[in-house]
>>> print(open('run.cif').read())   # mmCIF, C-alpha atoms and all ligand atoms
data_final
#
loop_
_atom_site.label_atom_id
_atom_site.label_comp_id
_atom_site.auth_asym_id
_atom_site.auth_seq_id
_atom_site.Cartn_x
_atom_site.Cartn_y
_atom_site.Cartn_z
CA MET P 1326 0.00 0.00 0.00
CA PHE P 1327 2.76 2.42 1.10
CA LEU P 1328 4.74 1.40 -1.94
CA ARG P 1329 1.75 2.10 -4.14
CA VAL P 1330 1.28 5.56 -2.60
CA CYS P 1331 5.00 6.27 -3.03
CA ARG P 1332 4.88 5.11 -6.62
CA GLY P 1333 1.84 7.26 -7.17
CA ILE P 1334 3.60 10.30 -5.75
CA ILE P 1335 6.80 9.59 -7.65
CA GLY P 1336 4.84 8.99 -10.84
CA ARG P 1337 2.91 12.22 -10.45
CA THR P 1338 6.03 14.20 -9.57
CA ALA P 1339 7.84 12.74 -12.57
CA ALA P 1340 4.89 13.61 -14.79
CA ILE P 1341 4.84 17.19 -13.46
CA LEU P 1342 8.61 17.52 -13.90
CA LEU P 1343 8.31 16.16 -17.41
CA ARG P 1344 5.54 18.64 -18.15
CA ILE P 1345 7.62 21.52 -16.77
CA ARG P 1346 10.60 20.36 -18.81
CA SER P 1347 8.66 20.05 -22.00
CA ALA P 1348 6.86 23.33 -21.35
CA LYS P 1349 10.28 24.91 -20.93
CA LYS P 1350 11.50 23.24 -24.11
CA ASP P 1351 8.47 24.53 -25.99
CA MET P 1352 9.19 28.09 -24.89
CA ALA P 1353 11.11 29.46 -27.81
CA ILE P 1354 13.60 32.29 -27.45
CA ILE P 1355 14.40 33.83 -30.81
CA ALA P 1356 16.94 36.54 -31.59
CA HIS P 1357 16.91 38.74 -34.68
CA ILE P 1358 20.30 40.16 -35.53
CA ASP P 1359 20.52 43.04 -38.00
CA LEU P 1360 23.82 44.67 -38.89
CA ASP P 1361 23.92 48.45 -38.68
CA SER P 1362 24.14 50.44 -41.93
CA PHE P 1363 25.66 47.30 -43.36
CA PHE P 1364 27.14 48.26 -46.75
CA ALA P 1365 28.39 51.60 -45.39
CA SER P 1366 29.93 49.95 -42.30
CA CYS P 1367 31.73 47.40 -44.53
CA GLU P 1368 33.33 50.31 -46.38
CA ALA P 1369 34.43 51.95 -43.11
CA VAL P 1370 36.09 48.68 -42.07
CA ARG P 1371 38.30 48.51 -45.13
CA ASP P 1372 39.14 52.21 -45.15
CA GLU P 1373 39.78 53.61 -41.70
CA SER P 1374 40.03 57.16 -43.05
CA LEU P 1375 36.25 57.06 -43.55
CA GLU P 1376 35.52 56.52 -39.88
CA ASP P 1377 33.05 59.11 -38.49
CA LYS P 1378 32.53 60.68 -41.94
CA PRO P 1379 29.17 60.45 -43.69
CA ILE P 1380 29.35 57.42 -46.03
CA ILE P 1381 26.75 57.09 -48.77
CA ILE P 1382 26.58 53.87 -50.78
CA CYS P 1383 25.25 54.46 -54.26
CA MET P 1384 23.61 52.33 -56.91
CA TYR P 1385 24.47 54.29 -60.06
CA SER P 1386 22.06 53.85 -62.93
CA GLY P 1387 24.71 54.82 -65.49
CA ARG P 1388 22.46 57.35 -67.27
CA SER P 1389 24.45 60.35 -66.10
CA GLU P 1390 27.26 60.87 -63.61
CA ASP P 1391 25.04 61.21 -60.55
CA SER P 1392 21.89 59.41 -61.57
CA GLY P 1393 20.84 56.57 -59.34
CA ALA P 1394 19.70 55.99 -55.77
CA VAL P 1395 21.22 55.71 -52.32
CA SER P 1396 21.48 52.06 -51.31
CA THR P 1397 22.22 52.85 -47.68
CA CYS P 1398 24.25 55.31 -45.65
CA ASN P 1399 25.87 55.33 -42.24
CA TYR P 1400 24.39 57.07 -39.22
CA PRO P 1401 26.39 60.35 -39.59
CA ALA P 1402 24.89 60.63 -43.11
CA ARG P 1403 21.42 59.82 -41.77
CA SER P 1404 21.71 62.69 -39.33
CA LEU P 1405 21.98 64.97 -42.38
CA GLY P 1406 18.64 63.66 -43.63
CA ILE P 1407 20.06 61.23 -46.20
CA HIS P 1408 18.38 57.82 -46.43
CA ALA P 1409 18.12 54.66 -48.55
CA GLY P 1410 16.14 55.16 -51.75
CA MET P 1411 16.93 58.88 -52.02
CA ALA P 1412 18.25 60.18 -55.36
CA ILE P 1413 22.05 60.51 -55.28
CA GLN P 1414 21.76 64.11 -56.48
CA GLN P 1415 19.51 65.01 -53.56
CA ALA P 1416 21.90 63.27 -51.14
CA LYS P 1417 24.77 65.35 -52.56
CA GLU P 1418 22.84 68.52 -51.83
CA LEU P 1419 22.40 67.49 -48.20
CA ALA P 1420 25.91 66.12 -47.66
CA ARG P 1421 28.90 67.96 -46.25
CA ASP P 1422 32.21 68.25 -48.12
CA ASP P 1423 33.79 65.41 -46.19
CA ALA P 1424 31.07 62.90 -47.18
CA ALA P 1425 32.15 59.84 -49.16
CA PHE P 1426 29.93 58.70 -52.04
CA LEU P 1427 30.94 55.15 -52.94
CA PRO P 1428 29.60 52.65 -55.46
CA ALA P 1429 28.10 49.51 -53.95
CA GLU P 1430 30.39 46.48 -54.18
CA LYS P 1431 28.03 43.61 -53.51
CA SER P 1432 30.64 40.81 -53.83
CA TYR P 1433 32.64 42.27 -50.94
CA TYR P 1434 29.55 42.71 -48.73
CA LYS P 1435 28.51 39.11 -49.50
CA GLU P 1436 31.88 37.84 -48.37
CA VAL P 1437 31.64 39.73 -45.06
CA SER P 1438 28.03 38.59 -44.65
CA GLY P 1439 29.04 34.93 -45.12
CA ARG P 1440 31.61 35.16 -42.34
CA ILE P 1441 29.16 36.87 -39.99
CA MET P 1442 26.43 34.30 -40.66
CA ALA P 1443 28.98 31.60 -39.78
CA ILE P 1444 29.70 33.33 -36.45
CA ILE P 1445 25.98 33.44 -35.67
CA ALA P 1446 25.54 29.77 -36.63
CA GLU P 1447 28.42 28.85 -34.36
CA HIS P 1448 26.53 30.23 -31.37
CA ALA P 1449 22.96 29.14 -32.04
CA ALA P 1450 21.20 25.79 -32.27
CA ASP P 1451 19.57 26.93 -35.49
CA THR P 1452 19.71 29.99 -37.71
CA GLU P 1453 17.78 31.46 -40.60
CA VAL P 1454 19.55 33.89 -42.88
CA ALA P 1455 16.86 36.44 -43.67
CA SER P 1456 18.86 38.76 -45.92
CA ILE P 1457 22.44 39.82 -46.60
CA ASP P 1458 22.65 41.53 -43.20
CA GLU P 1459 20.06 39.90 -40.97
CA ALA P 1460 19.53 36.51 -39.41
CA TYR P 1461 17.29 34.85 -36.88
CA ALA P 1462 18.98 32.71 -34.25
CA ASP P 1463 17.20 30.11 -32.16
CA LEU P 1464 18.40 30.63 -28.60
CA SER P 1465 15.76 28.36 -27.03
CA ASP P 1466 18.48 26.22 -25.50
CA CYS P 1467 19.30 29.13 -23.20
CA ASP P 1468 17.57 28.40 -19.94
CA THR P 1469 16.35 31.95 -19.40
CA TYR P 1470 16.09 35.32 -21.15
CA VAL P 1471 19.07 36.45 -19.06
CA ASP P 1472 21.15 33.65 -20.60
CA ALA P 1473 19.82 34.48 -24.06
CA VAL P 1474 20.89 38.10 -23.64
CA GLU P 1475 24.32 36.95 -22.55
CA ARG P 1476 24.62 34.73 -25.64
CA ALA P 1477 23.44 37.51 -27.94
CA GLU P 1478 25.91 39.95 -26.38
CA HIS P 1479 28.63 37.39 -26.94
CA ILE P 1480 27.63 37.05 -30.61
CA ARG P 1481 27.74 40.85 -30.93
CA ASP P 1482 31.17 40.94 -29.29
CA VAL P 1483 32.58 38.30 -31.65
CA ILE P 1484 31.18 40.10 -34.72
CA LYS P 1485 32.69 43.37 -33.50
CA GLU P 1486 36.02 41.78 -32.66
CA GLN P 1487 36.39 39.74 -35.85
CA GLU P 1488 34.68 41.96 -38.42
CA GLY P 1489 34.64 45.42 -36.83
CA LEU P 1490 30.87 45.77 -37.31
CA THR P 1491 28.04 46.51 -34.90
CA ALA P 1492 24.68 44.76 -34.95
CA SER P 1493 21.34 45.53 -33.36
CA VAL P 1494 19.53 42.63 -31.76
CA GLY P 1495 15.97 41.91 -30.72
CA ILE P 1496 15.11 38.97 -28.50
CA GLY P 1497 11.59 37.68 -28.10
CA PRO P 1498 9.30 34.65 -28.04
CA ASN P 1499 8.96 34.43 -31.84
CA LYS P 1500 10.40 35.77 -35.10
CA LEU P 1501 7.92 38.62 -35.41
CA VAL P 1502 8.58 40.07 -31.96
CA ALA P 1503 12.35 39.54 -32.29
CA LYS P 1504 12.38 41.32 -35.65
CA MET P 1505 10.36 44.27 -34.35
CA ALA P 1506 12.54 44.45 -31.23
CA SER P 1507 15.78 44.63 -33.22
CA ASP P 1508 14.53 47.86 -34.80
CA GLU P 1509 13.88 49.48 -31.42
CA ASP P 1510 17.36 50.58 -30.55
CA LYS P 1511 19.53 51.11 -33.61
CA PRO P 1512 22.48 51.28 -34.03
CA ASP P 1513 24.29 48.89 -31.69
CA GLY P 1514 21.32 48.23 -29.40
CA LEU P 1515 19.80 45.14 -27.82
CA THR P 1516 16.12 44.99 -26.93
CA VAL P 1517 14.43 42.17 -25.05
CA VAL P 1518 10.69 41.62 -25.21
CA ARG P 1519 9.56 38.85 -22.91
CA PRO P 1520 6.45 36.82 -23.81
CA ASP P 1521 4.19 38.60 -21.32
CA ASN P 1522 5.29 41.99 -22.71
CA ALA P 1523 4.87 41.21 -26.40
CA LYS P 1524 1.31 42.55 -26.69
CA ALA P 1525 2.09 45.77 -24.85
CA PHE P 1526 5.32 46.25 -26.84
CA LEU P 1527 3.46 46.16 -30.15
CA GLY P 1528 0.24 47.80 -28.97
CA ASN P 1529 1.24 51.47 -29.21
CA MET P 1530 2.97 51.18 -32.57
CA PRO P 1531 1.27 52.73 -35.61
CA VAL P 1532 -0.15 50.03 -37.89
CA ASP P 1533 2.40 50.66 -40.63
CA GLU P 1534 5.22 49.66 -38.30
CA LEU P 1535 3.84 46.14 -37.88
CA TYR P 1536 6.17 43.87 -39.83
CA SER P 1537 4.85 42.96 -43.30
CA VAL P 1538 2.16 45.68 -43.25
CA GLY P 1539 2.80 47.76 -46.37
CA PRO P 1540 1.32 51.19 -47.19
CA LYS P 1541 -1.83 49.75 -48.82
CA THR P 1542 -2.68 47.46 -45.91
CA ALA P 1543 -1.92 50.29 -43.49
CA ASP P 1544 -4.34 52.60 -45.36
CA ALA P 1545 -7.01 49.91 -45.33
CA LEU P 1546 -6.54 49.32 -41.58
CA ARG P 1547 -6.78 53.06 -40.90
CA GLU P 1548 -9.98 53.18 -42.96
CA MET P 1549 -11.31 50.46 -40.67
CA GLY P 1550 -10.52 52.68 -37.68
CA ALA P 1551 -7.18 51.21 -36.58
CA GLU P 1552 -4.37 53.70 -36.04
CA THR P 1553 -2.31 51.51 -33.73
CA VAL P 1554 -1.58 47.80 -33.53
CA ALA P 1555 -3.76 47.61 -30.40
CA ASP P 1556 -6.66 49.04 -32.47
CA VAL P 1557 -6.31 46.14 -34.94
CA ARG P 1558 -7.18 43.78 -32.07
CA GLU P 1559 -10.55 45.57 -31.77
CA ILE P 1560 -11.52 44.74 -35.36
CA SER P 1561 -13.37 41.42 -35.54
CA VAL P 1562 -11.59 38.58 -37.32
CA GLN P 1563 -14.61 38.33 -39.65
CA ARG P 1564 -14.11 41.93 -40.78
CA LEU P 1565 -10.38 41.40 -41.26
CA VAL P 1566 -11.03 38.23 -43.27
CA HIS P 1567 -13.72 39.96 -45.31
CA ARG P 1568 -11.33 42.81 -46.15
CA PHE P 1569 -8.01 40.97 -46.61
CA GLY P 1570 -8.97 37.35 -47.36
CA GLU P 1571 -8.77 34.44 -44.96
CA THR P 1572 -5.01 33.86 -44.75
CA ARG P 1573 -4.01 37.51 -44.51
CA GLY P 1574 -6.93 38.48 -42.25
CA VAL P 1575 -6.18 35.80 -39.67
CA GLU P 1576 -2.47 36.53 -39.94
CA LEU P 1577 -3.04 40.23 -39.24
CA ARG P 1578 -4.95 39.42 -36.08
CA GLU P 1579 -2.19 37.01 -34.96
CA LYS P 1580 0.51 39.57 -35.64
CA ALA P 1581 -1.38 42.29 -33.80
CA ASN P 1582 -1.48 39.93 -30.81
CA GLY P 1583 2.28 39.39 -31.03
CA ASP P 1584 1.90 35.75 -32.11
CA GLY P 1585 4.28 34.43 -34.74
CA ALA P 1586 6.35 31.56 -36.00
CA THR P 1587 9.21 30.15 -33.97
CA MET P 1588 10.46 27.60 -36.51
CA LEU P 1589 13.41 28.91 -38.44
CA GLU P 1590 13.61 28.14 -42.12
CA SER P 1591 17.26 27.50 -42.67
CA ARG P 1592 18.15 27.50 -46.33
CA GLU P 1593 20.77 24.84 -46.89
CA LYS P 1594 21.84 23.40 -43.57
CA LYS P 1595 25.59 23.18 -43.29
CA GLN P 1596 25.81 22.35 -39.61
CA LEU P 1597 23.66 21.57 -36.61
CA SER P 1598 24.55 22.22 -33.03
CA ARG P 1599 23.31 22.41 -29.45
CA ILE P 1600 25.00 24.28 -26.64
CA THR P 1601 23.89 24.42 -23.02
CA THR P 1602 24.97 25.95 -19.74
CA LEU P 1603 26.33 23.52 -17.14
CA PRO P 1604 24.72 23.60 -13.67
CA GLN P 1605 28.05 25.02 -12.47
CA ASN P 1606 31.45 25.75 -13.95
CA THR P 1607 33.46 22.54 -14.00
CA ARG P 1608 36.25 20.62 -15.72
CA GLN P 1609 35.14 17.21 -14.41
CA MET P 1610 34.19 14.87 -17.26
CA LYS P 1611 31.89 12.94 -14.90
CA ASP P 1612 29.71 16.09 -14.75
CA ILE P 1613 30.16 17.05 -18.38
CA ARG P 1614 29.62 13.61 -19.97
CA PRO P 1615 25.87 13.23 -19.29
CA VAL P 1616 25.24 16.76 -20.58
CA VAL P 1617 27.18 16.02 -23.79
CA ARG P 1618 25.10 12.86 -24.27
CA GLU P 1619 21.87 14.79 -23.95
CA LEU P 1620 23.09 17.38 -26.44
CA ALA P 1621 24.24 14.65 -28.84
CA ASP P 1622 20.76 13.03 -28.59
CA ASP P 1623 19.14 16.32 -29.60
CA VAL P 1624 21.58 16.89 -32.45
CA ILE P 1625 21.03 13.38 -33.81
CA LYS P 1626 17.27 13.88 -33.72
CA ARG P 1627 17.65 16.98 -35.85
CA VAL P 1628 20.09 15.22 -38.21
CA GLU P 1629 17.39 12.57 -38.71
CA GLN P 1630 14.61 15.12 -39.15
CA HIS P 1631 16.61 16.76 -41.93
CA GLU P 1632 17.50 13.32 -43.38
CA LYS P 1633 21.19 14.16 -43.25
CA ARG P 1634 24.50 12.57 -42.36
CA PHE P 1635 27.60 14.34 -41.14
CA SER P 1636 31.33 14.05 -41.70
CA THR P 1637 32.62 16.37 -38.95
CA VAL P 1638 31.99 16.42 -35.21
CA ALA P 1639 32.95 19.31 -32.97
CA GLY P 1640 33.11 19.55 -29.19
CA ILE P 1641 32.55 23.09 -27.95
CA VAL P 1642 33.66 24.53 -24.62
CA ILE P 1643 32.67 28.01 -23.56
CA THR P 1644 35.07 28.86 -20.80
CA ALA P 1645 34.37 30.53 -17.49
CA ASN P 1646 35.69 33.71 -19.23
CA ARG P 1647 33.04 33.25 -21.93
CA GLU P 1648 35.51 32.39 -24.66
CA THR P 1649 34.40 29.84 -27.22
CA ARG P 1650 36.82 27.00 -27.89
CA THR P 1651 36.09 24.39 -30.53
CA ARG P 1652 37.84 21.13 -31.33
CA GLN P 1653 36.71 19.11 -34.29
CA ARG P 1654 37.37 15.83 -36.06
CA SER P 1655 36.42 14.77 -39.58
CA PHE P 1656 35.59 11.31 -40.92
CA GLN P 1657 36.26 9.97 -44.40
CA THR P 1658 32.66 8.93 -44.95
CA ALA P 1659 29.51 10.66 -43.77
CA ILE P 1660 27.90 8.96 -40.79
CA SER P 1661 24.77 9.21 -38.70
CA SER P 1662 25.77 7.18 -35.65
CA LYS P 1663 24.72 8.58 -32.28
CA LYS P 1664 27.36 6.51 -30.50
CA THR P 1665 30.16 7.90 -32.65
CA LEU P 1666 28.79 11.40 -32.17
CA TYR P 1667 28.76 11.39 -28.41
CA GLU P 1668 31.99 9.45 -28.02
CA THR P 1669 33.80 11.84 -30.38
CA ALA P 1670 32.32 14.98 -28.82
CA GLU P 1671 33.24 13.72 -25.35
CA GLU P 1672 36.80 12.90 -26.43
CA LEU P 1673 37.27 16.29 -28.06
CA ILE P 1674 36.05 18.15 -24.99
CA GLN P 1675 38.15 15.94 -22.71
CA GLU P 1676 41.26 16.50 -24.86
CA TYR P 1677 40.69 20.25 -24.77
CA LEU P 1678 40.33 20.28 -20.99
CA GLU P 1679 43.40 18.07 -20.53
CA ASP P 1680 45.45 20.43 -22.70
CA ASN P 1681 44.15 23.43 -20.72
CA PRO P 1682 44.43 22.50 -17.05
CA ASP P 1683 43.47 26.00 -15.85
CA ILE P 1684 40.20 26.16 -17.75
CA ASP P 1685 36.74 25.49 -16.33
CA ALA P 1686 33.85 24.94 -18.70
CA ARG P 1687 30.83 27.18 -18.26
CA ARG P 1688 28.88 25.85 -21.24
CA VAL P 1689 29.44 22.88 -23.53
CA GLY P 1690 28.20 22.10 -26.99
CA VAL P 1691 28.07 19.48 -29.69
CA ARG P 1692 28.11 20.30 -33.37
CA VAL P 1693 27.98 18.25 -36.56
CA ALA P 1694 29.06 19.70 -39.89
CA GLY P 1695 29.77 18.56 -43.44
CA LEU P 1696 26.11 17.60 -43.79
CA SER P 1697 25.04 15.59 -46.80
CA ASP P 1698 21.79 13.91 -47.78
CA ALA P 1699 21.36 10.59 -45.99
CA GLN P 1700 20.44 8.60 -49.10
CA GLN P 1701 23.44 9.76 -51.12
CA THR P 1702 26.20 8.42 -48.89
CA GLY P 1703 27.50 5.00 -47.86
CA LEU P 1704 25.49 2.95 -45.39
CA ASP P 1705 27.13 2.96 -42.02
CA ARG P 1706 24.11 3.79 -39.91
CA PHE P 1707 25.23 1.12 -37.44
CA ALA P 1708 28.80 2.37 -37.13
P1 LIG P 1801 19.00 47.28 -43.97
O1 LIG P 1801 19.32 46.35 -42.84
O2 LIG P 1801 17.57 47.63 -44.23
O3 LIG P 1801 19.76 48.66 -43.79
P2 LIG P 1801 21.16 48.95 -43.15
O4 LIG P 1801 21.84 47.74 -42.62
O5 LIG P 1801 21.98 49.74 -44.16
O6 LIG P 1801 20.79 49.95 -41.98
P3 LIG P 1801 20.17 49.62 -40.56
O7 LIG P 1801 21.21 50.10 -39.58
O8 LIG P 1801 18.92 50.45 -40.49
O9 LIG P 1801 19.93 48.16 -40.48
O10 LIG P 1801 19.58 46.68 -45.32
C1 LIG P 1801 20.80 45.97 -45.40
C2 LIG P 1801 21.58 46.37 -46.65
O11 LIG P 1801 20.78 46.16 -47.80
C3 LIG P 1801 21.98 47.82 -46.67
O12 LIG P 1801 23.20 48.06 -45.99
C4 LIG P 1801 22.05 48.11 -48.13
C5 LIG P 1801 21.04 47.18 -48.76
N1 LIG P 1801 19.83 47.95 -49.10
C6 LIG P 1801 19.69 48.44 -50.40
O13 LIG P 1801 20.55 48.21 -51.25
N2 LIG P 1801 18.58 49.20 -50.69
C7 LIG P 1801 17.62 49.51 -49.76
O14 LIG P 1801 16.64 50.20 -50.07
C8 LIG P 1801 17.79 49.00 -48.43
C9 LIG P 1801 16.76 49.32 -47.37
C10 LIG P 1801 18.88 48.23 -48.14
MG MG P 1802 20.83 46.40 -41.32
#
>>> encode(input="run.cif", output="C-alpha cells")
Amino acid sequence: MFLRVCRGIIGRTAAILLRIRSAKKDMAIIAHIDLDSFFASCEAVRDESLEDKPIIICMYSGRSEDSGAVSTCNYPARSLGIHAGMAIQQAKELARDDAAFLPAEKSYYKEVSGRIMAIIAEHAADTEVASIDEAYADLSDCDTYVDAVERAEHIRDVIKEQEGLTASVGIGPNKLVAKMASDEDKPDGLTVVRPDNAKAFLGNMPVDELYSVGPKTADALREMGAETVADVREISVQRLVHRFGETRGVELREKANGDGATMLESREKKQLSRITTLPQNTRQMKDIRPVVRELADDVIKRVEQHEKRFSTVAGIVITANRETRTRQRSFQTAISSKKTLYETAEELIQEYLEDNPDIDARRVGVRVAGLSDAQQTGLDRFA
C-alpha cells in the first residue's frame, strides 16, 4: 500500500517535472540580428580614413554621372537627412564636403556577410539567414532570457572583434517580436521583449510599423478605424477576413497579438549544433559527460529530421571567461551514428580540458558539420 502511494507520488512528480521540462522546451527564445548600416559599415572597415565621416553607398544607374539611388548610408549621413532610396543628387545637396559617395560592391559585402552568418551559426542551435545583413537565431536552448541576452551579447562581441561591425539585436518569443525588437534601438542596441510583454510592446505602434504591413494594408486598416496595432485587435476577425482574405486576415490578427512563427527556415543546412549551460562551472568529465550525451541526442534527432548525415563532429567549450573554444574531427565517410557522435564529442572536450588545465567549462556544446543527404552516402548507420 505504502509502496503504491510512493509510486503514485513519484509517478505524479515525474509527470509534473516532465511537463515543466517540456513546457520549458516549448518556450522558444528567438533573436533577430541586424547589422547596422551594413554596406556603409563594410566600407568603413576597409578604409579607416572614412571613420566618423558620412558614407553614402550608391547604386548608379549609369544614365548620367550622378543618376541613381542611395542604397544605404551610415548614421552620420542619416543625421543629415540622407536615407536609402533617395536620389544621389539630392543626397549630394544634403551632404557635407567630407562625405564619401561610394559605389556599392556587392561581392565584398557578400563575403563579409558569409563570415558573420557563420559566427551566428556557431553560437545558435539553429539559424535562418533572412537577408544579406540579418539573421534569426534560435536561442531556445538558453535556460532563461538572461542567458539568451548573454549569448546575444557574446555574438555581438565576436562580430565586433572579428569583423569590426556593430549589430542591433531583438530577443523575443517568436520571429515577429524579435524582428520588431531589433529595430527598437539602432544602431548597436539590444532589446528584449519577454512573452508577457509582447502585446504591450506592439500595442502602441502605428499600424504601418507592424512587420509585413505595407502602405496599402496600413491605409485599409486606418480606414477600418485602426491607427495603432492595439486598435487592430478591436476589429473582428470576420471583418479582417472579409477585407483581406482568410489567410491575410487571420495573420493580421495574430501579428497584432504578437503571435508568430518560432520555426526557423534555414536555407541549406551546413551544420547543426546544441550548446547548453552547465549547472556550475566545472572541468570534471563525470559532470560534463551526461550533458554532452543529452546534447548529442538532440543533435542526432535533428540530423534525422533533416534526413542528413555528417562528416565532422565538434566539441565546444565556452570557458568561465566566456571564450568559445572548438575542437573538431572529420571522418572519411559521412555517418549518422549517435554513439560515434557522443563518443567523439566527449573525447574532443576531454582533450581540450586536458590540454588546458586551468580552464573550467561554463557551457558545452556538440556540433555536426559537413552535412550531406542521408540517401546519397554509404550505409554505415550502425557504425
Ligand atoms: P537594412 O538592414 O535595411 O539597412 P542597413 O543595414 O543599411 O541599416 P540599418 O542600420 O537600419 O539596419 O539593409 C541591409 C543592406 O541592404 C543595406 O546596408 C544596403 C542594402 N539595401 C539596399 O541596397 N537598398 C535599400 O533600399 C535598403 C533598405 C537596403
Ligand atoms: Mg541592417
>>> residues_near_ligand(input="run.cif", ligand="ligand MG 1802 (chain P)", cutoff="6 Å", atoms="all atoms listed in the file", output="NGL selection string")
:P and (1359-1363 or 1458)
>>> residues_near_ligand(input="run.cif", ligand="ligand LIG 1801 (chain P)", cutoff="9 Å", atoms="all atoms listed in the file", output="PyMOL selection string")
chain P and resi 1359-1367+1382-1384+1394-1400+1408-1411+1429+1434+1456-1459+1492-1493+1508+1511-1513
>>> closest_residue(input="run.cif", among="P:Val1517, P:Val1693, P:Ala1523, P:Ala1506", to="Ser1598 of chain P", atoms="all atoms listed in the file")
P:Val1693
>>> atom_distance(input="run.cif", atom1="atom CA of Leu1565 of chain P", atom2="atom CA of Glu1534 of chain P")
17.9 Å
>>> residues_around(input="run.cif", residues="segment 1539-1555 of chain P", least_positions_apart="5", cutoff="7 Å", atoms="only C-alpha atoms", output="PyMOL selection string")
chain P and resi 1527-1533+1581
>>> atom_distance(input="run.cif", atom1="atom CA of Ser1404 of chain P", atom2="atom CA of Tyr1385 of chain P")
22.5 Å
>>> closest_residue(input="run.cif", among="P:Ser1389, P:Asn1582, P:Gln1414, P:Thr1601", to="Cys1467 of chain P", atoms="all atoms listed in the file")
P:Thr1601
>>> residues_around(input="run.cif", residues="Ser1655 of chain P", least_positions_apart="5", cutoff="7 Å", atoms="all atoms listed in the file", output="PyMOL selection string")
chain P and resi 1636-1638
>>> residues_around(input="run.cif", residues="Gly1690 of chain P", least_positions_apart="2", cutoff="8 Å", atoms="all atoms listed in the file", output="PyMOL selection string")
chain P and resi 1598-1601+1617+1620+1640-1642+1688+1692
>>> closest_residue(input="run.cif", among="P:Met1352, P:Leu1427, P:Val1538, P:Ile1484", to="Leu1375 of chain P", atoms="only C-alpha atoms")
P:Leu1427
>>> closest_residue(input="run.cif", among="P:Ala1420, P:Leu1597, P:Val1494, P:Val1474", to="Ala1449 of chain P", atoms="all atoms listed in the file")
P:Leu1597
>>> atom_distance(input="run.cif", atom1="atom CA of Thr1649 of chain P", atom2="atom CA of Glu1368 of chain P")
28.1 Å
>>> decode(input="run.cif", residues="segment 1507-1528 of chain P", atoms="C-alpha atoms", output="short mmCIF file (atom, residue, chain, number, x, y, z; two decimals), in the first residue's frame")
data_model
loop_
_atom_site.label_atom_id
_atom_site.label_comp_id
_atom_site.auth_asym_id
_atom_site.auth_seq_id
_atom_site.Cartn_x
_atom_site.Cartn_y
_atom_site.Cartn_z
CA SER P 1507 15.78 44.63 -33.22
CA ASP P 1508 14.53 47.86 -34.80
CA GLU P 1509 13.88 49.48 -31.42
CA ASP P 1510 17.36 50.58 -30.55
CA LYS P 1511 19.53 51.11 -33.61
CA PRO P 1512 22.48 51.28 -34.03
CA ASP P 1513 24.29 48.89 -31.69
CA GLY P 1514 21.32 48.23 -29.40
CA LEU P 1515 19.80 45.14 -27.82
CA THR P 1516 16.12 44.99 -26.93
CA VAL P 1517 14.43 42.17 -25.05
CA VAL P 1518 10.69 41.62 -25.21
CA ARG P 1519 9.56 38.85 -22.91
CA PRO P 1520 6.45 36.82 -23.81
CA ASP P 1521 4.19 38.60 -21.32
CA ASN P 1522 5.29 41.99 -22.71
CA ALA P 1523 4.87 41.21 -26.40
CA LYS P 1524 1.31 42.55 -26.69
CA ALA P 1525 2.09 45.77 -24.85
CA PHE P 1526 5.32 46.25 -26.84
CA LEU P 1527 3.46 46.16 -30.15
CA GLY P 1528 0.24 47.80 -28.97
#
